[in-house]
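The structure appears right after this line, and notes come after that.
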There are 4 protein chains.
Amino acid sequence: MIIVMSREATDEHIENVKRRLEKEGFSIHLSKGVARTVIGAIGDKTRIPLLALEAMPGVEKVVPILQPYKLASREFKDEPTIIKIRNVEIGGDTIHVIAGPCAVESREQLLETAHMVKEAGATLLRGGAFKPRTSPYSFQGLGEEGLKILAEAREETGLPIVTEVMDIESLPVVYEYTDVFQIGARNMQNFNLLRKVGETDKPVLLKRGPSATIEEWLLAAEYIMSSGNYQVILCERGIRTFEQFTRNTLDLSAVCAVKMLSHLPVIVDPSHGTGKWQLVSPMSRAAVAAGADGLIIEVHPNPSEALSDGPQSLTPDNFRDLMNELIQIAPVLGRKMAVDRE
Amino acid sequence: MIIVMSREATDEHIENVKRRLEKEGFSIHLSKGVARTVIGAIGDKTRIPLLALEAMPGVEKVVPILQPYKLASREFKDEPTIIKIRNVEIGGDTIHVIAGPCAVESREQLLETAHMVKEAGATLLRGGAFKPRTSPYSFQGLGEEGLKILAEAREETGLPIVTEVMDIESLPVVYEYTDVFQIGARNMQNFNLLRKVGETDKPVLLKRGPSATIEEWLLAAEYIMSSGNYQVILCERGIRTFEQFTRNTLDLSAVCAVKMLSHLPVIVDPSHGTGKWQLVSPMSRAAVAAGADGLIIEVHPNPSEALSDGPQSLTPDNFRDLMNELIQIAPVLGRKMAVDRE
Amino acid sequence: MIIVMSREATDEHIENVKRRLEKEGFSIHLSKGVARTVIGAIGDKTRIPLLALEAMPGVEKVVPILQPYKLASREFKDEPTIIKIRNVEIGGDTIHVIAGPCAVESREQLLETAHMVKEAGATLLRGGAFKPRTSPYSFQGLGEEGLKILAEAREETGLPIVTEVMDIESLPVVYEYTDVFQIGARNMQNFNLLRKVGETDKPVLLKRGPSATIEEWLLAAEYIMSSGNYQVILCERGIRTFEQFTRNTLDLSAVCAVKMLSHLPVIVDPSHGTGKWQLVSPMSRAAVAAGADGLIIEVHPNPSEALSDGPQSLTPDNFRDLMNELIQIAPVLGRKMAVDRE
Amino acid sequence: MIIVMSREATDEHIENVKRRLEKEGFSIHLSKGVARTVIGAIGDKTRIPLLALEAMPGVEKVVPILQPYKLASREFKDEPTIIKIRNVEIGGDTIHVIAGPCAVESREQLLETAHMVKEAGATLLRGGAFKPRTSPYSFQGLGEEGLKILAEAREETGLPIVTEVMDIESLPVVYEYTDVFQIGARNMQNFNLLRKVGETDKPVLLKRGPSATIEEWLLAAEYIMSSGNYQVILCERGIRTFEQFTRNTLDLSAVCAVKMLSHLPVIVDPSHGTGKWQLVSPMSRAAVAAGADGLIIEVHPNPSEALSDGPQSLTPDNFRDLMNELIQIAPVLGRKMAVDRE
C-alpha cells in the first residue's frame, strides 16, 4: 500500500501515519519528494480496511498495490477452479449451458421446457421459484411448490437444477431442493446471505450487481469463500449504463478480466444482460468466443405467455439453433460444448 | 398504456394483443398510422406487469402513460406526508438533521457524539450496529450491543434513533430498540425485507440504491406501503457514475423530482453521497436549498480514529458551523431548522 | 408521436397542442382516459424537433413512435449497405480487419507494421497523423508528414488507408491522402465536421462517442448522410461506465442493435474499447461472433516503445494468432474473413 | 509517480523501466516487497504521458501522485483567479448570473429577453447564434445575424455577451462580436478549438463534457491555458448517467471538487443540467449554496414558442423570483449577488 501525503502535511502528520502502520504490523518505507511525501507500507492487506488511514490529517490518498480480496485471487491459487455439480463440471475445458424459464409457472410448463432444453443440449436446468420483482404488483413466483416442480424435472431429465435463494429465511427450503444456489444481482451485496450460503456445501452462482465493479464482485465472492465454501461460479449479467436500448449493458470484457484476476469460473447471462430475445443468440456466441465457462439462458415454450421476462426468452427452436452455433465456436478456443444429444 | 406494433405486425398479431388486453379488463382504442398501428389501453395499471405484452409477436414497444407505482404517487395523495417520530415531525415546514457516527464503536464514542450533535442542533441520532461492508475483512458492527448503546444515548439525550436493519433475521431485535428502520442502499431492492418492515408500525428511512432510477426507488417505497406501512422517508445518498473523485455522485435533482412525483418526504445523505468530509458541508447547504426535508450526516468526535467511513465524517466543530449556515438558508424557502439550542 | 397531457391540463391546453400540430401538417387523434388525455399525431417525423411540444402548458411528455433518424434507418432501406474502398467491400459477407499503429511515429515504424499486418491478413491500414490527446503534453501526431508516410505504405502494400480527420481546417489535406475518413469518438457530435465529410465522396468511419446512445450515434450518421454522403461505417469503441478496470466498456450488444435499426455496416474497435492488449483478442473474437462487419485493431511492432496507446496494442505475433482464430469463427455465421495470405 | 511491477516481472523488466525513467530525467527509488516490486519516480509530470510505461513488459500499473494538469492546479496558483469581462468580475466575492434564451431566434425575442433579464438582475447575456443540435432536422441558429442581434442587445442594455463558438472556421466572426467564448459540452475535447481560443485574448466559458471526469475537464482547461489564455471559467452542466427523469445529472459536488483542485472560477448551468424548468430554480439555489461563482440560465419570454430547449427555460417571472431567493442565500457564504436593480 502507498500512502500519499498532501502538500500541507506536517512532520507530525507523517509521524502519526507511520506509527499507526507500525502498530498494525506493517513495515514502512518513507520517500520525500519535492511536492509530496509518499509512504510505502508492506503487511497483511486484509488489515488495511481497519486502518482508516484516509481520515488521518495530512493524508491525501491511499493507493492499494494488491487487490483487496485474497481467496478469490489468482495469487492465492493460480490454476482454474473446477466446480462439480452432480455429473457436471464447470470451469474446465467443457462449456455448459444452463437453460429454462425465468420463473416456474406450472408443472406442465416446466417439464415441457426441461425436456426441450435437454434435448437441445442444455446440461443444467434453471427456473425461479422465488422471484425478486421491481414492482410489488408483478408475479412473485410459486415458492416451495416451484421447488418441488424443479426437483421433479430433475428426476425426469437428470439435469441438475439452479434456482435463486432470495433471503436467509428461505435458505433451508431452497437447500433441500436445489443443486446450485443462485444469488441474484440485487443480492450481490446482501452480505449476511453471502455468509450463510458460504456455510453450506452447495455451489453458488453469484451474479454481478448492476452497478458493481469487478473488484466489488470478487469481494462478494470473498465473503462466500471466507465462510468456507470455495464453490463459487461468477455470472456476468449486464451493468447499468446510460444506454436504454438494451435492458443492461452486457460487459463481456468482464469475463476476460475475471480470468486475469481470479481462478473462479465465470459464465454469462445474455437474457438479463440484454433484455431482448433478438440479442440473446449473438451475445451467447460472443460470450463463448470471449472465453466464458458457460451460459445461463432463458427459454420458454411460449414466450408471449410467460409470466415473467417473456421478451428476453428464446423459443426452444431458437435455442437449438444457438446450440448448433456454439458447438462450432467452442473448438476455436480449444474447448467443447457439453452436449450429449442422441 | 400505449402499445406500438412493429411495421411487420399482421392483423392477427394486432387481434391477439387486443384480445389479451380485453381479457384483463382493459378498454381499447386502435389507431392505424401509415407506418405503425398503435393501440391505446385504459385499465388498472397495476395489472400491466402481468400482461407480458412485449413478448407478444408483432409488438415493438409498450409505453406506460402512468407511473407504475400508486400509493407513493402524488396522484394518490396530493398533500405532503408528515411522519412522526416521537416528538419529531419530518416532511413539514421544519427541517431535521439526523447526525451521529457511521458505526457505533463503543459506549463512550457514541454517548460523547450524541451529546455533541444534540448540542449543535441535531434532532435525531444515527449510528450503525449492523454494518454492511464491501470487504469481509472490515469492521462489521457491534450488533445488539450497539443497539443497547444507542438506546442508552436516546435515554440520555432524548434524541430518537435511526439505525439500519440488514435482514429479516435481525428485524425483531432492531425493532426492539430503534425509532426508525434504515434500509441501506444495497438493500433497496431486497423485496422481502421491504415487505417485512412494511408490516411493522415504525417509520422506514429508505435509501436510494446506487444504481436505482427514481422510478425504481418509488417502487421500492410502494413495496413497503402496499404491506400497510405508509411511513416512508426517502433518502438520496448518491448514485454510481463514471466520476471517481467523489465516492458517489449526489443527485440533488432527485430531491426535486421526488417532490414532483410523490407525497413522501425526502432527505439527503451528503456523507455517503460524496465520501469526502470537505464536500459534506457545501452539499448539505445545497440539499436544503434544493428543498430537502432533512439531512443525515456522519459526525465523529475523532474521524481519523473511526472504524468505518472516517474520511467522510465531520468533526463536531464542523457540524456546528454547518448548522449555523443551514439556519440561515432554510427561511429562504419558508422553512426553519429544527434547532433547539440553549 | 404520442403526446401525453398532464392531469392538470385544461381543455384550452389540449386545444393549443392540437392547433400547433395541425398547423405543421400533422393529423390528430384524441383519446380521453380517466386519468389523462392522450393525443396521437401522424406526420413528418423530421418536423417533430421544431414543434417544441414539451414546453407547452399542460404537456406531460412526448413519446416518439418512430426513430428520429430517417436515411440511416432500416425503414428507409432494408438491405444492408455495402461500402467500397478501392478493392475492399465492407458490409457484405466478407469480414475485414483494419490494423496498424495508433499513431504514425516514423516511416520505419509504419512501413514495418504495414507489411506485418498485411502478411497476417489485415486488408486495410490504420494510423493516426493528427492525434486528439487528453493532455496537451502528450504526443500530438506527425501531421501531414504522417499522411505522406501512410500513402507510401499504401503504395508498397496495396492496403487502403484509414486515418482520422480532427477538424474542418485539416479536412482538405487529409482528403488528399486517405481512403476513409475516421471521425473520432470525441468528434461524434462535431456537427459541422460531420456535414463537411458528408459533402465529400469518401467513406466515413464514424466512431461512437463514449457517452452517446445508439440513437444519437445514428443521428450523427444522419448528419453525414443528409449532406449527401451515404458511405458511413459505424464503429463501436466502448462507452464510459463506472467500471474502471477497462478503459471503456465495449458494448457489443450495440453491434446487434445497429443491425436491427439500420442498414449501415458496423465494425468494432477492441483496442480503445478495452485499453488492455490482453483483452483485445478475446473481444475481437466476441465481436465477430456477435455479427460485426469488421474490426479495427492497434498493432505495433514494439508496443512498449509506442508513443501513444502502447498498453492496448497487439504485437504482430498476437495479431497473427488472432486472425487464425477469426478465420474459424466467421464461417459459423455464414461469413468469411478477408484474408489473402500466400 | 509510482510504478507497480507485476508479480511475474523479472529483474530485466525492472531494469528496463528504471533505464527509461532515468533517460527522461526522473530520479528513481526502488522498493522490493514480498509480492511486488514498486518503483517511485520523481520528475517532470508533464513528461509522464510520453513514457508509455504501462506497455512495458512486467509493469502492472502506473499510479500518478500529482494531478496531470499544471497551470490549472491549486499547486501552481493558490489564490482564486478572477476574470474580468468589461465591468464584471467572475471568481470573486460577487456572484454573477448569465441569462438569456437558448438560441437567438429574432431581434424582438432577444431584445425583449435582454431587457427583462437585466431588470431582474442578470449581469451578462447569453444566446446561441450557432447551435449544435443532435438531429440535423432541428433549428441550427441564425449564424452571424444572431451575433449582430446579440451585439445590439449589449449596446442597449450594457450587458456583456456570452455565445458559443462551435468551430475554428467561425471563430473570427464570433470573436468580432462576443465578450466571452462559450465552448459547448460536446466540444470540451475538441482540442484544436481549445488551442485556438487559447490564442485569443477573450475569456472562455468551458462547459464540462457529459462524460468527462473532473480531471479531463481540468486537462481541457490546461489546453487553453497552455496556449497562453489563462481566462478560463469552468461550467458544470450535468453528466450522463442511467437516470432518465432528468436530461442530465447535475453534479454539484463537482463545484466543490474544482474549488479544491483548481484556482479557476466555476459556474453552473441548471437548465441543461436538468432539462426541466421546474428543477431550474431549486438547483440554482443549490448551486449557489454549494459555492458556485455564478449561474448560466435559460430564460425565454414564451418558453412554449421557443425553437430550442423550451422545456428547460424559465419565464422572466420565474427568473425574477429566483433572483430574489439567491440574494438571500449568497450572504450565508459571505458573498453577494451582482444585482443592481433600481
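By convention here, the chains of the C-alpha cells are called A, B, ... in the order presented, each chain's residues are numbered starting at 1, and ligands are numbered starting at 1 in the order presented.
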Practice prompt. Write out as a PyMOL selection string all residues of stretch 19-241 of chain A that backbone DSSP assigns to strand (DSSP E or B).
Written response: chain A and resi 27-32+37-42+59-63+73+83-85+88-90+94-100+103+124-126+128+161-164+180-183+204-207+232-236+239
Output for the residues just chosen: N, CA and C atoms as a compact mmCIF listing (two decimals), in the first residue's frame:
# COMPACT_ATOMS: atom_id res chain seq x y z
N SER A 27 5.50 -2.93 7.76
CA SER A 27 6.82 -2.33 7.68
C SER A 27 6.76 -1.19 6.68
N ILE A 28 7.55 -0.17 6.96
CA ILE A 28 7.36 1.16 6.37
C ILE A 28 8.57 1.56 5.55
N HIS A 29 8.27 2.25 4.43
CA HIS A 29 9.35 2.95 3.74
C HIS A 29 8.93 4.36 3.38
N LEU A 30 9.74 5.34 3.76
CA LEU A 30 9.38 6.74 3.57
C LEU A 30 10.15 7.33 2.39
N SER A 31 9.45 8.12 1.55
CA SER A 31 10.14 8.74 0.43
C SER A 31 9.66 10.18 0.30
N LYS A 32 10.58 11.13 0.52
CA LYS A 32 10.19 12.55 0.49
C LYS A 32 10.52 13.13 -0.88
N THR A 37 5.30 13.81 0.23
CA THR A 37 5.91 12.66 0.89
C THR A 37 5.04 11.44 0.61
N VAL A 38 5.71 10.35 0.29
CA VAL A 38 5.00 9.12 -0.03
C VAL A 38 5.47 8.03 0.92
N ILE A 39 4.51 7.31 1.51
CA ILE A 39 4.86 6.24 2.45
C ILE A 39 4.47 4.90 1.86
N GLY A 40 5.43 4.02 1.73
CA GLY A 40 5.13 2.65 1.29
C GLY A 40 4.97 1.77 2.51
N ALA A 41 3.97 0.88 2.50
CA ALA A 41 3.74 0.03 3.67
C ALA A 41 3.50 -1.40 3.21
N ILE A 42 4.20 -2.33 3.84
CA ILE A 42 4.06 -3.74 3.48
C ILE A 42 3.53 -4.50 4.68
N VAL A 59 -3.24 13.10 5.13
CA VAL A 59 -3.24 12.04 4.12
C VAL A 59 -4.06 12.49 2.91
N GLU A 60 -3.45 12.44 1.72
CA GLU A 60 -4.17 12.85 0.52
C GLU A 60 -4.88 11.66 -0.11
N LYS A 61 -4.16 10.57 -0.31
CA LYS A 61 -4.84 9.38 -0.79
C LYS A 61 -4.06 8.12 -0.44
N VAL A 62 -4.79 7.01 -0.45
CA VAL A 62 -4.20 5.72 -0.15
C VAL A 62 -4.35 4.87 -1.42
N VAL A 63 -3.23 4.37 -1.90
CA VAL A 63 -3.25 3.60 -3.14
C VAL A 63 -2.93 2.14 -2.82
N SER A 73 -8.42 -14.62 -5.45
CA SER A 73 -7.43 -14.08 -6.38
C SER A 73 -6.56 -15.17 -7.03
N ILE A 83 -15.74 -26.70 -10.66
CA ILE A 83 -16.80 -26.94 -9.68
C ILE A 83 -17.70 -28.07 -10.16
N LYS A 84 -17.90 -29.04 -9.24
CA LYS A 84 -18.68 -30.23 -9.59
C LYS A 84 -20.12 -30.09 -9.14
N ILE A 85 -21.04 -30.34 -10.05
CA ILE A 85 -22.46 -30.32 -9.73
C ILE A 85 -23.03 -31.62 -10.28
N VAL A 88 -21.75 -32.90 -13.61
CA VAL A 88 -21.31 -31.79 -14.45
C VAL A 88 -20.11 -31.10 -13.81
N GLU A 89 -19.17 -30.64 -14.64
CA GLU A 89 -18.03 -29.88 -14.12
C GLU A 89 -17.94 -28.53 -14.82
N ILE A 90 -17.98 -27.46 -14.03
CA ILE A 90 -17.91 -26.12 -14.62
C ILE A 90 -16.56 -25.49 -14.31
N THR A 94 -14.80 -28.07 -20.80
CA THR A 94 -16.15 -28.23 -21.34
C THR A 94 -17.05 -27.07 -20.91
N ILE A 95 -17.77 -26.52 -21.89
CA ILE A 95 -18.64 -25.37 -21.63
C ILE A 95 -20.08 -25.85 -21.45
N HIS A 96 -20.71 -25.43 -20.36
CA HIS A 96 -22.06 -25.89 -20.06
C HIS A 96 -23.07 -24.77 -20.25
N VAL A 97 -24.28 -25.16 -20.65
CA VAL A 97 -25.37 -24.20 -20.77
C VAL A 97 -26.48 -24.56 -19.79
N ILE A 98 -26.85 -23.60 -18.97
CA ILE A 98 -27.96 -23.73 -18.03
C ILE A 98 -29.15 -23.08 -18.72
N ALA A 99 -30.26 -23.80 -18.88
CA ALA A 99 -31.40 -23.20 -19.59
C ALA A 99 -32.69 -23.51 -18.86
N GLY A 100 -33.70 -22.73 -19.19
CA GLY A 100 -35.01 -22.93 -18.57
C GLY A 100 -35.74 -21.60 -18.50
N ALA A 103 -39.25 -17.96 -14.64
CA ALA A 103 -39.96 -18.41 -13.44
C ALA A 103 -40.63 -19.75 -13.71
N LEU A 124 -27.83 -28.19 -17.51
CA LEU A 124 -28.42 -27.84 -16.23
C LEU A 124 -29.73 -27.12 -16.50
N LEU A 125 -30.61 -27.15 -15.50
CA LEU A 125 -31.93 -26.55 -15.66
C LEU A 125 -32.07 -25.35 -14.72
N ARG A 126 -32.54 -24.23 -15.24
CA ARG A 126 -32.80 -23.07 -14.39
C ARG A 126 -34.31 -22.84 -14.26
N GLY A 128 -36.97 -19.98 -11.65
CA GLY A 128 -37.12 -19.27 -10.39
C GLY A 128 -38.38 -19.68 -9.65
N ILE A 161 -30.30 -28.78 -11.00
CA ILE A 161 -31.06 -27.54 -11.04
C ILE A 161 -30.36 -26.37 -10.35
N VAL A 162 -30.63 -25.18 -10.91
CA VAL A 162 -30.09 -23.92 -10.40
C VAL A 162 -31.28 -23.02 -10.12
N THR A 163 -31.41 -22.55 -8.87
CA THR A 163 -32.54 -21.68 -8.57
C THR A 163 -32.13 -20.64 -7.53
N GLU A 164 -32.81 -19.53 -7.54
CA GLU A 164 -32.38 -18.41 -6.70
C GLU A 164 -32.83 -18.56 -5.26
N VAL A 180 -27.62 -25.95 -7.08
CA VAL A 180 -26.79 -24.74 -7.05
C VAL A 180 -27.65 -23.59 -6.53
N PHE A 181 -27.12 -22.84 -5.56
CA PHE A 181 -27.79 -21.62 -5.12
C PHE A 181 -27.49 -20.49 -6.11
N GLN A 182 -28.49 -19.84 -6.60
CA GLN A 182 -28.24 -18.63 -7.37
C GLN A 182 -28.43 -17.42 -6.45
N ILE A 183 -27.44 -16.54 -6.42
CA ILE A 183 -27.58 -15.25 -5.72
C ILE A 183 -27.84 -14.21 -6.80
N VAL A 204 -22.41 -22.05 -5.47
CA VAL A 204 -23.14 -20.78 -5.52
C VAL A 204 -22.87 -20.09 -6.85
N LEU A 205 -23.95 -19.73 -7.54
CA LEU A 205 -23.84 -18.94 -8.77
C LEU A 205 -24.05 -17.49 -8.36
N LEU A 206 -22.98 -16.69 -8.42
CA LEU A 206 -23.03 -15.32 -7.90
C LEU A 206 -23.13 -14.32 -9.05
N LYS A 207 -24.31 -13.75 -9.21
CA LYS A 207 -24.49 -12.77 -10.28
C LYS A 207 -23.86 -11.44 -9.90
N VAL A 232 -17.66 -21.19 -5.92
CA VAL A 232 -18.35 -20.01 -6.42
C VAL A 232 -18.20 -19.92 -7.93
N ILE A 233 -19.34 -19.79 -8.61
CA ILE A 233 -19.35 -19.55 -10.06
C ILE A 233 -19.81 -18.11 -10.25
N LEU A 234 -19.00 -17.30 -10.91
CA LEU A 234 -19.38 -15.92 -11.15
C LEU A 234 -20.26 -15.84 -12.40
N CYS A 235 -21.17 -14.90 -12.42
CA CYS A 235 -22.06 -14.77 -13.57
C CYS A 235 -22.25 -13.30 -13.95
N GLU A 236 -21.71 -12.93 -15.11
CA GLU A 236 -21.89 -11.58 -15.67
C GLU A 236 -23.28 -11.50 -16.27
N ILE A 239 -24.45 -4.59 -16.81
CA ILE A 239 -24.35 -3.50 -15.85
C ILE A 239 -25.24 -2.36 -16.32
7 Å contacts from chain D to chain A using only C-alpha atoms, as a PyMOL selection string: chain D and resi 33+42+240-242
Contact residues around A:Glu216 with only C-alpha atoms at 10 Å, ignoring same-chain residues under 6 positions, as a PDB file with N, CA and C atoms, in the first residue's frame:
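Saved the output as result.pdb:
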ATOM      1  N   PRO A  68      -7.897  -6.187  -2.967  1.00  0.00           N
ATOM      2  CA  PRO A  68      -8.346  -6.325  -1.574  1.00  0.00           C
ATOM      3  C   PRO A  68      -8.939  -7.697  -1.251  1.00  0.00           C
ATOM      4  N   TYR A  69      -9.090  -8.552  -2.261  1.00  0.00           N
ATOM      5  CA  TYR A  69      -9.583  -9.906  -1.976  1.00  0.00           C
ATOM      6  C   TYR A  69      -8.388 -10.852  -2.016  1.00  0.00           C
ATOM      7  N   MET A 188     -26.235  -9.183  -4.592  1.00  0.00           N
ATOM      8  CA  MET A 188     -24.786  -9.425  -4.636  1.00  0.00           C
ATOM      9  C   MET A 188     -24.084  -8.874  -3.410  1.00  0.00           C
ATOM     10  N   GLN A 189     -24.654  -7.809  -2.821  1.00  0.00           N
ATOM     11  CA  GLN A 189     -24.037  -7.274  -1.608  1.00  0.00           C
ATOM     12  C   GLN A 189     -24.941  -7.447  -0.385  1.00  0.00           C
ATOM     13  N   ARG A 208     -23.333 -10.757 -10.894  1.00  0.00           N
ATOM     14  CA  ARG A 208     -22.748  -9.429 -10.680  1.00  0.00           C
ATOM     15  C   ARG A 208     -23.862  -8.414 -10.495  1.00  0.00           C
ATOM     16  N   GLY A 209     -23.734  -7.554  -9.503  1.00  0.00           N
ATOM     17  CA  GLY A 209     -24.718  -6.495  -9.302  1.00  0.00           C
ATOM     18  C   GLY A 209     -24.696  -5.512 -10.458  1.00  0.00           C
ATOM     19  N   GLU A 222     -15.509 -13.293  -2.149  1.00  0.00           N
ATOM     20  CA  GLU A 222     -14.640 -13.475  -0.981  1.00  0.00           C
ATOM     21  C   GLU A 222     -15.465 -13.694   0.298  1.00  0.00           C
TER      22      GLU A 222
ATOM     23  N   THR B 134     -18.256  -3.759   2.164  1.00  0.00           N
ATOM     24  CA  THR B 134     -17.838  -4.344   0.888  1.00  0.00           C
ATOM     25  C   THR B 134     -16.836  -5.476   1.070  1.00  0.00           C
ATOM     26  N   SER B 135     -15.942  -5.334   2.048  1.00  0.00           N
ATOM     27  CA  SER B 135     -14.945  -6.373   2.285  1.00  0.00           C
ATOM     28  C   SER B 135     -15.292  -7.175   3.528  1.00  0.00           C
TER      29      SER B 135
END
**Study point:** Test item: residues at most 10 Å from stretch 253-258 of chain B, only C-alpha atoms, excluding those fewer than 3 positions along its chain, as a VMD selection string
**Key:** (chain B and resid 72 to 74 208 213 to 215 217 to 218 234 to 236 238 250 261 to 268 287 to 288 290 to 293) or (chain D and resid 243 245 to 246 248 to 252 270 273 to 274 276 278 to 280 282 to 283 286)
Write the selection just made, keeping N, CA and C atoms, as a tab-separated table (two decimals), in the first residue's frame?
chain	number	residue	atom	x	y	z
B	72	ALA	N	-47.47	5.56	-3.58
B	72	ALA	CA	-46.40	6.54	-3.37
B	72	ALA	C	-46.58	7.78	-4.24
B	73	SER	N	-47.58	7.77	-5.13
B	73	SER	CA	-47.67	8.85	-6.12
B	73	SER	C	-48.46	10.05	-5.63
B	74	ARG	N	-48.16	11.18	-6.22
B	74	ARG	CA	-48.90	12.44	-5.98
B	74	ARG	C	-50.35	12.31	-6.43
B	208	ARG	N	-31.83	5.35	-1.42
B	208	ARG	CA	-31.85	5.03	-2.85
B	208	ARG	C	-30.66	4.14	-3.18
B	213	THR	N	-33.04	3.93	-10.50
B	213	THR	CA	-33.72	5.10	-11.04
B	213	THR	C	-34.69	5.62	-9.98
B	214	ILE	N	-35.14	6.84	-10.19
B	214	ILE	CA	-36.12	7.41	-9.28
B	214	ILE	C	-37.39	6.55	-9.29
B	215	GLU	N	-37.75	6.04	-10.44
B	215	GLU	CA	-38.94	5.19	-10.53
B	215	GLU	C	-38.79	3.90	-9.73
B	217	TRP	N	-36.90	3.47	-7.18
B	217	TRP	CA	-36.86	3.87	-5.77
B	217	TRP	C	-38.30	4.01	-5.25
B	218	LEU	N	-39.14	4.66	-6.03
B	218	LEU	CA	-40.53	4.83	-5.60
B	218	LEU	C	-41.27	3.49	-5.62
B	234	LEU	N	-37.83	8.93	2.17
B	234	LEU	CA	-36.85	8.61	1.13
B	234	LEU	C	-35.54	9.30	1.45
B	235	CYS	N	-34.43	8.69	1.06
B	235	CYS	CA	-33.11	9.29	1.33
B	235	CYS	C	-32.19	9.15	0.13
B	236	GLU	N	-31.89	10.29	-0.51
B	236	GLU	CA	-30.92	10.32	-1.61
B	236	GLU	C	-29.52	10.25	-1.03
B	238	GLY	N	-26.61	9.42	-3.27
B	238	GLY	CA	-25.61	9.36	-4.33
B	238	GLY	C	-25.80	8.16	-5.21
B	250	LEU	N	-23.78	12.70	-5.86
B	250	LEU	CA	-25.00	13.05	-5.13
B	250	LEU	C	-25.97	13.73	-6.10
B	261	LEU	N	-43.18	13.96	-8.02
B	261	LEU	CA	-43.83	12.69	-8.30
B	261	LEU	C	-44.53	12.08	-7.11
B	262	SER	N	-44.10	12.44	-5.90
B	262	SER	CA	-44.57	11.72	-4.71
B	262	SER	C	-44.89	12.68	-3.57
B	263	HIS	N	-45.69	12.21	-2.63
B	263	HIS	CA	-46.03	12.99	-1.44
B	263	HIS	C	-45.11	12.65	-0.26
B	264	LEU	N	-44.19	11.71	-0.47
B	264	LEU	CA	-43.33	11.27	0.63
B	264	LEU	C	-42.22	12.27	0.91
B	265	PRO	N	-41.80	12.40	2.18
B	265	PRO	CA	-40.66	13.28	2.48
B	265	PRO	C	-39.36	12.69	1.96
B	266	VAL	N	-38.41	13.57	1.66
B	266	VAL	CA	-37.13	13.11	1.12
B	266	VAL	C	-35.99	13.88	1.81
B	267	ILE	N	-35.02	13.14	2.28
B	267	ILE	CA	-33.85	13.74	2.93
B	267	ILE	C	-32.59	13.36	2.15
B	268	VAL	N	-31.45	13.92	2.55
B	268	VAL	CA	-30.21	13.73	1.79
B	268	VAL	C	-29.09	13.29	2.72
B	287	ALA	N	-28.39	20.84	-0.42
B	287	ALA	CA	-29.56	19.97	-0.27
B	287	ALA	C	-30.73	20.75	0.33
B	288	VAL	N	-30.44	21.53	1.36
B	288	VAL	CA	-31.51	22.32	1.98
B	288	VAL	C	-32.02	23.36	0.98
B	290	ALA	N	-32.10	23.08	-2.16
B	290	ALA	CA	-32.85	22.39	-3.22
B	290	ALA	C	-34.24	21.96	-2.75
B	291	GLY	N	-34.45	21.96	-1.42
B	291	GLY	CA	-35.78	21.62	-0.92
B	291	GLY	C	-35.88	20.34	-0.12
B	292	ALA	N	-34.74	19.78	0.31
B	292	ALA	CA	-34.78	18.55	1.09
B	292	ALA	C	-35.50	18.78	2.43
B	293	ASP	N	-36.14	17.71	2.92
B	293	ASP	CA	-36.86	17.78	4.20
B	293	ASP	C	-35.96	17.49	5.39
D	243	GLU	N	-29.88	7.65	-14.99
D	243	GLU	CA	-31.16	8.26	-14.63
D	243	GLU	C	-31.73	9.02	-15.83
D	245	PHE	N	-35.01	10.60	-15.75
D	245	PHE	CA	-36.04	11.60	-15.43
D	245	PHE	C	-35.53	12.99	-15.76
D	246	THR	N	-34.26	13.21	-15.47
D	246	THR	CA	-33.61	14.47	-15.83
D	246	THR	C	-32.79	14.25	-17.11
D	248	ASN	N	-29.83	15.38	-17.80
D	248	ASN	CA	-28.51	15.00	-17.33
D	248	ASN	C	-28.59	14.95	-15.80
D	249	THR	N	-27.52	14.48	-15.15
D	249	THR	CA	-27.46	14.54	-13.70
D	249	THR	C	-26.51	15.68	-13.33
D	250	LEU	N	-27.06	16.75	-12.77
D	250	LEU	CA	-26.24	17.91	-12.42
D	250	LEU	C	-25.35	17.54	-11.24
D	251	ASP	N	-24.05	17.62	-11.44
D	251	ASP	CA	-23.09	17.15	-10.43
D	251	ASP	C	-22.57	18.34	-9.64
D	252	LEU	N	-23.34	18.76	-8.63
D	252	LEU	CA	-22.92	19.94	-7.87
D	252	LEU	C	-21.68	19.69	-7.04
D	270	PRO	N	-27.98	25.12	-14.68
D	270	PRO	CA	-29.04	24.22	-14.23
D	270	PRO	C	-30.08	23.94	-15.32
D	273	GLY	N	-28.48	21.16	-17.27
D	273	GLY	CA	-28.17	20.16	-16.26
D	273	GLY	C	-29.38	19.36	-15.82
D	274	THR	N	-30.57	19.92	-15.98
D	274	THR	CA	-31.77	19.18	-15.56
D	274	THR	C	-32.73	18.94	-16.73
D	276	LYS	N	-35.47	20.40	-17.26
D	276	LYS	CA	-36.86	20.63	-16.85
D	276	LYS	C	-36.91	21.96	-16.10
D	278	GLN	N	-38.94	23.13	-14.07
D	278	GLN	CA	-39.34	23.05	-12.67
D	278	GLN	C	-38.14	22.83	-11.74
D	279	LEU	N	-37.06	22.26	-12.28
D	279	LEU	CA	-35.90	21.97	-11.44
D	279	LEU	C	-34.86	23.09	-11.48
D	280	VAL	N	-35.05	24.06	-12.37
D	280	VAL	CA	-34.01	25.08	-12.57
D	280	VAL	C	-33.86	25.95	-11.32
D	282	PRO	N	-34.78	25.38	-7.99
D	282	PRO	CA	-34.16	24.70	-6.85
D	282	PRO	C	-32.68	24.39	-7.05
D	283	MET	N	-32.32	23.97	-8.26
D	283	MET	CA	-30.92	23.61	-8.48
D	283	MET	C	-30.03	24.86	-8.57
D	286	ALA	N	-29.37	25.64	-5.03
D	286	ALA	CA	-28.41	24.64	-4.52
D	286	ALA	C	-27.00	24.95	-5.01
Point to revise | Test item: residues at most 10 Å from stretch 104-112 of chain B, only C-alpha atoms, excluding those fewer than 3 positions along its chain, as a count of residues only | key: 34
- Message: According to DSSP computed on the backbone, where in stretch 66-258 of chain C is there alpha helix (DSSP H)? Give the residues as number ranges by chain.
- Response: C: 107-120, 144-157, 171-177, 191-198, 214-226, 253-258
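For the atom pair formed by atom CA of A:Ser226 and atom CA of A:Ala52, the distance is 22.0 Å, given to one decimal.
Picture a line from atom CA of B:Leu333 to atom CA of B:Pro80; it runs 15.7 Å.
Using only C-alpha atoms, the residues found no farther than 9 Å from C:Lys202, other than those of its own chain fewer than 4 positions away, are Ile85, Tyr175, Thr178, Asp179, Val180, Phe181, Val197, Gly198, Asn229 and Gln231 of chain C.
If you look at atom CA of B:Arg186 and atom CA of A:Lys45, they are 24.8 Å away from each other.
Every protein or nucleic acid residue with an atom no more than 9 Å from A:Phe191, counting only C-alpha atoms and leaving out same-chain residues fewer than 2 positions away, appears here: Asn187, Met188, Gln189, Leu193, Leu194, Arg195, Lys196, Ala220, Tyr223 and Ile224 of chain A; Pro132, Arg133, Thr134, Pro136 and Met166 of chain B.
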